[in-house]
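Chemist: Just one file: model_36.cif, with mmCIF, C-alpha atoms.
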data_target
#
loop_
_atom_site.group_PDB
_atom_site.id
_atom_site.type_symbol
_atom_site.label_atom_id
_atom_site.label_comp_id
_atom_site.auth_asym_id
_atom_site.auth_seq_id
_atom_site.Cartn_x
_atom_site.Cartn_y
_atom_site.Cartn_z
ATOM 1 C CA MET A 1 229.851 173.331 105.512
ATOM 2 C CA ILE A 2 230.429 170.444 107.913
ATOM 3 C CA LYS A 3 226.736 169.548 107.808
ATOM 4 C CA ASN A 4 226.807 169.548 104.001
ATOM 5 C CA ARG A 5 229.832 167.236 103.902
ATOM 6 C CA LEU A 6 228.211 164.917 106.429
ATOM 7 C CA PHE A 7 225.024 164.843 104.375
ATOM 8 C CA LEU A 8 226.950 164.023 101.197
ATOM 9 C CA LEU A 9 228.864 161.269 103.008
ATOM 10 C CA MET A 10 225.678 159.685 104.345
ATOM 11 C CA THR A 11 224.070 159.912 100.904
ATOM 12 C CA ALA A 12 227.049 158.160 99.308
ATOM 13 C CA ILE A 13 226.941 155.369 101.915
ATOM 14 C CA ALA A 14 223.208 154.901 101.380
ATOM 15 C CA LEU A 15 223.722 154.750 97.612
ATOM 16 C CA LEU A 16 226.434 152.117 97.964
ATOM 17 C CA MET A 17 224.203 150.018 100.225
ATOM 18 C CA THR A 18 221.366 150.282 97.701
ATOM 19 C CA VAL A 19 223.601 149.135 94.852
ATOM 20 C CA ALA A 20 224.877 146.234 96.941
ATOM 21 C CA ALA A 21 221.333 145.213 97.813
ATOM 22 C CA CYS A 22 220.433 145.141 94.117
ATOM 23 C CA GLY A 23 223.222 142.655 93.380
ATOM 24 C CA SER A 24 222.429 139.058 92.550
ATOM 25 C CA GLU A 25 221.840 136.684 95.442
ATOM 26 C CA SER A 26 223.774 133.461 95.712
ATOM 27 C CA THR A 27 222.599 130.171 97.144
ATOM 28 C CA ARG A 28 224.881 127.461 98.424
ATOM 29 C CA VAL A 29 224.196 124.134 96.747
ATOM 30 C CA ASP A 30 225.634 120.783 97.762
ATOM 31 C CA PRO A 31 227.806 119.590 94.837
ATOM 32 C CA LYS A 32 226.420 116.090 95.361
ATOM 33 C CA ASP A 33 222.854 117.316 94.749
ATOM 34 C CA ASP A 34 223.116 117.998 91.022
ATOM 35 C CA GLU A 35 219.378 118.260 90.529
ATOM 36 C CA GLU A 36 219.311 121.415 92.691
ATOM 37 C CA ASP A 37 221.403 123.310 90.150
ATOM 38 C CA PRO A 38 219.161 124.973 87.522
ATOM 39 C CA ILE A 39 222.148 125.499 85.192
ATOM 40 C CA GLN A 40 222.579 121.851 84.368
ATOM 41 C CA SER A 41 222.544 120.079 81.059
ATOM 42 C CA SER A 42 222.542 116.620 79.626
ATOM 43 C CA GLY A 43 226.314 116.770 79.936
ATOM 44 C CA PRO A 44 228.448 115.577 82.864
ATOM 45 C CA TYR A 45 227.188 116.234 86.371
ATOM 46 C CA SER A 46 229.534 116.300 89.333
ATOM 47 C CA SER A 47 227.930 113.074 90.520
ATOM 48 C CA ASP A 48 228.866 111.503 87.185
ATOM 49 C CA LEU A 49 232.518 112.270 87.830
ATOM 50 C CA LEU A 50 232.324 110.538 91.204
ATOM 51 C CA GLU A 51 230.538 107.567 89.693
ATOM 52 C CA VAL A 52 233.112 107.135 86.924
ATOM 53 C CA THR A 53 235.997 107.262 89.392
ATOM 54 C CA ASP A 54 234.346 104.579 91.537
ATOM 55 C CA VAL A 55 233.687 102.303 88.570
ATOM 56 C CA ILE A 56 237.162 102.651 87.087
ATOM 57 C CA MET A 57 238.803 102.014 90.452
ATOM 58 C CA ALA A 58 236.737 98.856 90.858
ATOM 59 C CA GLN A 59 237.733 97.675 87.379
ATOM 60 C CA PHE A 60 241.384 98.465 88.073
ATOM 61 C CA LYS A 61 241.409 96.521 91.329
ATOM 62 C CA ALA A 62 239.677 93.581 89.659
ATOM 63 C CA GLU A 63 242.613 93.311 87.234
ATOM 64 C CA ARG A 64 245.085 93.148 90.154
ATOM 65 C CA VAL A 65 247.537 95.473 88.387
ATOM 66 C CA SER A 66 248.962 96.866 91.611
ATOM 67 C CA GLU A 67 249.197 93.463 93.291
ATOM 68 C CA ASP A 68 251.021 91.904 90.339
ATOM 69 C CA PHE A 69 253.471 94.813 90.156
ATOM 70 C CA ARG A 70 254.209 94.654 93.886
ATOM 71 C CA ASP A 71 254.721 90.898 93.711
ATOM 72 C CA GLN A 72 257.368 91.431 91.038
ATOM 73 C CA TYR A 73 259.110 94.615 92.221
ATOM 74 C CA LYS A 74 258.322 94.651 95.957
ATOM 75 C CA ASP A 75 257.039 98.228 95.741
ATOM 76 C CA ALA A 76 253.933 100.111 94.653
ATOM 77 C CA PRO A 77 253.789 101.279 91.020
ATOM 78 C CA ILE A 78 254.188 105.014 90.326
ATOM 79 C CA ILE A 79 251.463 106.539 88.139
ATOM 80 C CA ALA A 80 251.762 109.679 85.999
ATOM 81 C CA VAL A 81 248.372 110.990 84.878
ATOM 82 C CA ILE A 82 248.214 112.356 81.327
ATOM 83 C CA ARG A 83 245.725 115.178 80.843
ATOM 84 C CA PRO A 84 242.493 113.617 79.518
ATOM 85 C CA LEU A 85 241.546 113.884 75.848
ATOM 86 C CA ASN A 86 238.120 115.494 75.646
ATOM 87 C CA ASP A 87 236.162 114.820 72.457
ATOM 88 C CA THR A 88 232.836 116.130 73.760
ATOM 89 C CA ARG A 89 230.976 119.436 73.600
ATOM 90 C CA PHE A 90 231.742 120.039 77.280
ATOM 91 C CA PRO A 91 235.334 121.351 77.276
ATOM 92 C CA ASN A 92 235.196 122.679 80.830
ATOM 93 C CA ILE A 93 235.101 119.228 82.417
ATOM 94 C CA THR A 94 238.644 118.237 81.409
ATOM 95 C CA LYS A 95 240.686 119.823 84.195
ATOM 96 C CA ILE A 96 238.210 119.232 87.017
ATOM 97 C CA PHE A 97 237.871 115.598 85.972
ATOM 98 C CA GLU A 98 241.639 115.152 86.031
ATOM 99 C CA GLU A 99 241.804 116.616 89.541
ATOM 100 C CA ARG A 100 238.860 114.556 90.805
ATOM 101 C CA LEU A 101 240.272 111.414 89.223
ATOM 102 C CA ILE A 102 243.621 111.748 90.989
ATOM 103 C CA SER A 103 242.094 112.665 94.344
ATOM 104 C CA GLY A 104 239.534 109.883 94.006
ATOM 105 C CA LEU A 105 242.189 107.274 93.262
ATOM 106 C CA MET A 106 244.358 108.461 96.132
ATOM 107 C CA LYS A 107 241.443 108.277 98.557
ATOM 108 C CA LYS A 108 240.629 104.728 97.512
ATOM 109 C CA THR A 109 244.188 103.416 97.674
ATOM 110 C CA THR A 110 247.183 103.607 99.972
ATOM 111 C CA ARG A 111 250.793 104.361 99.032
ATOM 112 C CA ARG A 112 251.443 100.644 99.346
ATOM 113 C CA GLU A 113 249.081 100.111 96.389
ATOM 114 C CA LEU A 114 249.641 103.105 94.118
ATOM 115 C CA ARG A 115 251.811 106.215 94.074
ATOM 116 C CA PHE A 116 251.344 109.270 91.879
ATOM 117 C CA VAL A 117 253.712 111.878 90.444
ATOM 118 C CA ASN A 118 252.956 115.431 89.305
ATOM 119 C CA ARG A 119 254.164 116.234 85.782
ATOM 120 C CA GLU A 120 252.589 119.670 85.283
ATOM 121 C CA SER A 121 254.972 122.254 83.831
ATOM 122 C CA ASP A 122 254.762 124.713 86.733
ATOM 123 C CA THR A 123 255.519 121.920 89.200
ATOM 124 C CA LEU A 124 258.507 120.710 87.176
ATOM 125 C CA ASP A 125 259.845 124.291 87.003
ATOM 126 C CA ALA A 126 259.548 124.655 90.785
ATOM 127 C CA VAL A 127 261.220 121.269 91.333
ATOM 128 C CA ALA A 128 264.117 122.215 89.035
ATOM 129 C CA ALA A 129 264.627 125.511 90.873
ATOM 130 C CA GLU A 130 264.535 123.772 94.247
ATOM 131 C CA LYS A 131 267.057 121.135 93.115
ATOM 132 C CA ALA A 132 269.399 123.877 91.874
ATOM 133 C CA MET A 133 269.278 125.645 95.260
ATOM 134 C CA LYS A 134 269.946 122.386 97.107
ATOM 135 C CA GLU A 135 272.873 121.465 94.883
ATOM 136 C CA SER A 136 274.415 124.933 95.302
ATOM 137 C CA GLY A 137 274.086 124.725 99.087
ATOM 138 C CA GLU A 138 271.655 127.644 99.230
ATOM 139 C CA VAL A 139 269.139 125.430 101.017
ATOM 140 C CA THR A 140 269.497 122.083 102.763
ATOM 141 C CA ASP A 141 268.542 118.724 101.310
ATOM 142 C CA ARG A 142 268.087 115.137 102.426
ATOM 143 C CA SER A 143 270.518 112.546 101.170
ATOM 144 C CA GLY A 144 269.076 110.130 98.620
ATOM 145 C CA ARG A 145 266.051 112.292 97.778
ATOM 146 C CA ARG A 146 267.470 114.263 94.845
ATOM 147 C CA THR A 147 266.017 112.298 91.944
ATOM 148 C CA LYS A 148 262.503 112.715 90.590
ATOM 149 C CA TYR A 149 260.577 109.480 90.417
ATOM 150 C CA GLY A 150 260.087 107.942 86.998
ATOM 151 C CA ALA A 151 256.637 106.642 86.112
ATOM 152 C CA ASP A 152 255.975 102.928 86.002
ATOM 153 C CA PHE A 153 252.676 103.559 84.199
ATOM 154 C CA PHE A 154 250.885 106.391 82.411
ATOM 155 C CA LEU A 155 247.171 106.734 83.113
ATOM 156 C CA LYS A 156 245.425 108.105 80.035
ATOM 157 C CA ALA A 157 241.752 109.056 79.954
ATOM 158 C CA LYS A 158 239.526 109.966 77.032
ATOM 159 C CA PHE A 159 235.962 111.287 76.875
ATOM 160 C CA THR A 160 233.959 110.682 73.718
ATOM 161 C CA ALA A 161 230.330 111.574 73.153
ATOM 162 C CA LEU A 162 227.419 110.926 70.842
ATOM 163 C CA SER A 163 225.237 114.043 70.998
ATOM 164 C CA MET A 164 221.827 114.259 69.305
ATOM 165 C CA THR A 165 218.795 116.554 69.365
ATOM 166 C CA ASP A 166 215.238 116.390 68.074
ATOM 167 C CA GLY A 167 214.665 120.116 68.502
ATOM 168 C CA ASP A 168 212.971 119.774 71.883
ATOM 169 C CA HIS A 169 215.509 117.645 73.720
ATOM 170 C CA SER A 170 219.258 117.047 73.605
ATOM 171 C CA SER A 171 220.775 113.654 74.298
ATOM 172 C CA ASP A 172 224.408 113.067 75.238
ATOM 173 C CA THR A 173 225.921 109.616 75.625
ATOM 174 C CA ILE A 174 229.430 110.010 77.035
ATOM 175 C CA ASN A 175 231.948 107.215 77.257
ATOM 176 C CA TYR A 176 234.761 107.643 79.786
ATOM 177 C CA SER A 177 237.623 105.345 78.853
ATOM 178 C CA PHE A 178 240.941 104.760 80.624
ATOM 179 C CA GLU A 179 244.206 103.101 79.708
ATOM 180 C CA LEU A 180 247.157 102.205 81.888
ATOM 181 C CA ILE A 181 250.219 102.237 79.626
ATOM 182 C CA ASP A 182 253.701 100.826 80.188
ATOM 183 C CA PRO A 183 256.049 103.716 79.207
ATOM 184 C CA GLU A 184 258.852 101.304 78.312
ATOM 185 C CA THR A 185 256.904 99.182 75.842
ATOM 186 C CA THR A 186 253.653 101.199 75.231
ATOM 187 C CA GLU A 187 251.759 98.025 76.228
ATOM 188 C CA ILE A 188 248.219 98.688 77.438
ATOM 189 C CA VAL A 189 248.271 96.999 80.826
ATOM 190 C CA PHE A 190 244.698 97.870 81.743
ATOM 191 C CA LYS A 191 241.742 99.393 79.917
ATOM 192 C CA GLY A 192 238.372 100.260 81.400
ATOM 193 C CA ASP A 193 235.411 102.421 80.488
ATOM 194 C CA HIS A 194 232.068 103.616 81.738
ATOM 195 C CA LEU A 195 229.078 104.888 79.770
ATOM 196 C CA ILE A 196 226.671 107.576 81.020
ATOM 197 C CA LYS A 197 223.681 108.998 79.128
ATOM 198 C CA ARG A 198 221.775 112.167 79.953
ATOM 199 C CA VAL A 199 218.893 114.012 78.282
ATOM 200 C CA SER A 200 218.035 117.700 78.653
ATOM 201 C CA GLU A 201 215.298 119.995 77.435
ATOM 202 C CA LYS A 202 215.864 122.385 74.553
ATOM 203 C CA ASP A 203 216.315 125.485 76.739
ATOM 204 C CA ALA A 204 218.930 123.945 79.037
ATOM 205 C CA LEU A 205 222.066 125.997 79.569
ATOM 206 C CA TYR A 206 225.346 124.303 78.861
ATOM 207 C CA ARG A 207 228.503 124.774 80.857
#
Represent the structure of the file as structure tokens.

Modeler:
Amino acid sequence: MIKNRLFLLMTAIALLMTVAACGSESTRVDPKDDEEDPIQSSGPYSSDLLEVTDVIMAQFKAERVSEDFRDQYKDAPIIAVIRPLNDTRFPNITKIFEERLISGLMKKTTRRELRFVNRESDTLDAVAAEKAMKESGEVTDRSGRRTKYGADFFLKAKFTALSMTDGDHSSDTINYSFELIDPETTEIVFKGDHLIKRVSEKDALYR
């Protein structure tokens, strides 16, 4: 009986190992090397997102928006990023582009130049709960730090695309545009854009 149970146990382990071995293999690919990814399309590559962030930051600095604001108010402007409007056939890029945009801007600037606030609903809920606990004395707080920062500017992005196909190839021309908006007056303080075009073969898989 013991030998039979041992045999069944070993058989089960061998079967599990066989199933695991038949699973799909994965290969690590450097996100910067887009051409290594076979599931790519004429749509946005990760390198495109980096390129757009670099270009927009250069345009922004050329307009001296931060410098002019600091000259007037003696402090860095606070930016609230509005979720990008995506008018392309690549819906999955919206959130990752928003995250990469914010991290890219923060890496290229210091808090003396720009500051950013988080306006996502889950963050605001957590902030409200934390403020309630501090005000009730349930947790400690620091004097003068009880008010959420208001935004000096909204950063609004939009992706628009002209997509065409001849049956064998697909062509996507995507324009990434950005506006810095004064929330008090709705004045567009800065506007920049960057155009990227990519072509893919008919059988390309789209993300």

Chemist: Under the rule that all atoms listed in the file are counted, which of A:Lys191, A:Lys158, A:Lys197, A:Lys148 is the nearest residue to Ser171 of chain A?

Modeler: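 Going through A:Lys191, A:Lys158, A:Lys197, A:Lys148 one by one, the smallest distance to Ser171 of chain A is for A:Lys197.
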
Chemist: Which is closest to Leu50 of chain A among A:Leu114, A:Ala161, A:Ile78, A:Ile102, if we use all atoms listed in the file?

Modeler: A:Ile102

Chemist: Taking all atoms listed in the file into account, which of A:Ser103, A:Glu135, A:Ser47, A:Arg115 comes nearest Asp75 of chain A?

Modeler: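 Selected residue with least distance to Asp75 of chain A: A:Arg115.
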
Chemist: Report as a ChimeraX atom specification the residues that result from applying the PyMOL selection byres ((chain A and resi 116) around 10) to the structure here.

Modeler: /A:76-81,102,105-106,111,114-115,117-119,149,151-154

Chemist: Write out, as a compact mmCIF listing (two decimals), in the frame of the given file, the residues just selected, with C-alpha atoms.

Modeler:
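Listing of part18.txt after writing:
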# COMPACT_ATOMS: atom_id res chain seq x y z
CA ALA A 76 253.93 100.11 94.65
CA PRO A 77 253.79 101.28 91.02
CA ILE A 78 254.19 105.01 90.33
CA ILE A 79 251.46 106.54 88.14
CA ALA A 80 251.76 109.68 86.00
CA VAL A 81 248.37 110.99 84.88
CA ILE A 102 243.62 111.75 90.99
CA LEU A 105 242.19 107.27 93.26
CA MET A 106 244.36 108.46 96.13
CA ARG A 111 250.79 104.36 99.03
CA LEU A 114 249.64 103.10 94.12
CA ARG A 115 251.81 106.22 94.07
CA VAL A 117 253.71 111.88 90.44
CA ASN A 118 252.96 115.43 89.30
CA ARG A 119 254.16 116.23 85.78
CA TYR A 149 260.58 109.48 90.42
CA ALA A 151 256.64 106.64 86.11
CA ASP A 152 255.98 102.93 86.00
CA PHE A 153 252.68 103.56 84.20
CA PHE A 154 250.88 106.39 82.41

Chemist: Kindly indicate which residue among A:Leu162, A:Arg112, A:Lys156, A:Arg70 lies nearest to Gly192 of chain A, using only C-alpha atoms for the distances.

Modeler: A:Lys156

Chemist: Distance atom CA of Ile82 of chain A-atom CA of Leu155 of chain A, one decimal place?

Modeler: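 Those two atoms sit 6.0 Å apart.
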
Chemist: Pick the closest to Glu120 of chain A from A:Lys108, A:Lys95, A:His194, A:Lys134: which is it, counting only C-alpha atoms?

Modeler: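 Closest to Glu120 of chain A, using only C-alpha atoms: A:Lys95.
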
Chemist: Between A:Ser163, A:Thr185, A:Thr123, A:Thr110, single out the one closest to Arg89 of chain A, counting only C-alpha atoms.

Modeler: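 Once distances to Arg89 of chain A are computed over only C-alpha atoms, the minimum belongs to A:Ser163.
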
Chemist: Atom CA of Gln72 of chain A and atom CA of Phe178 of chain A, how far apart in Å?

Modeler: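 One can read the atom CA of Phe178 of chain A to atom CA of Gln72 of chain A distance as 23.6 Å.
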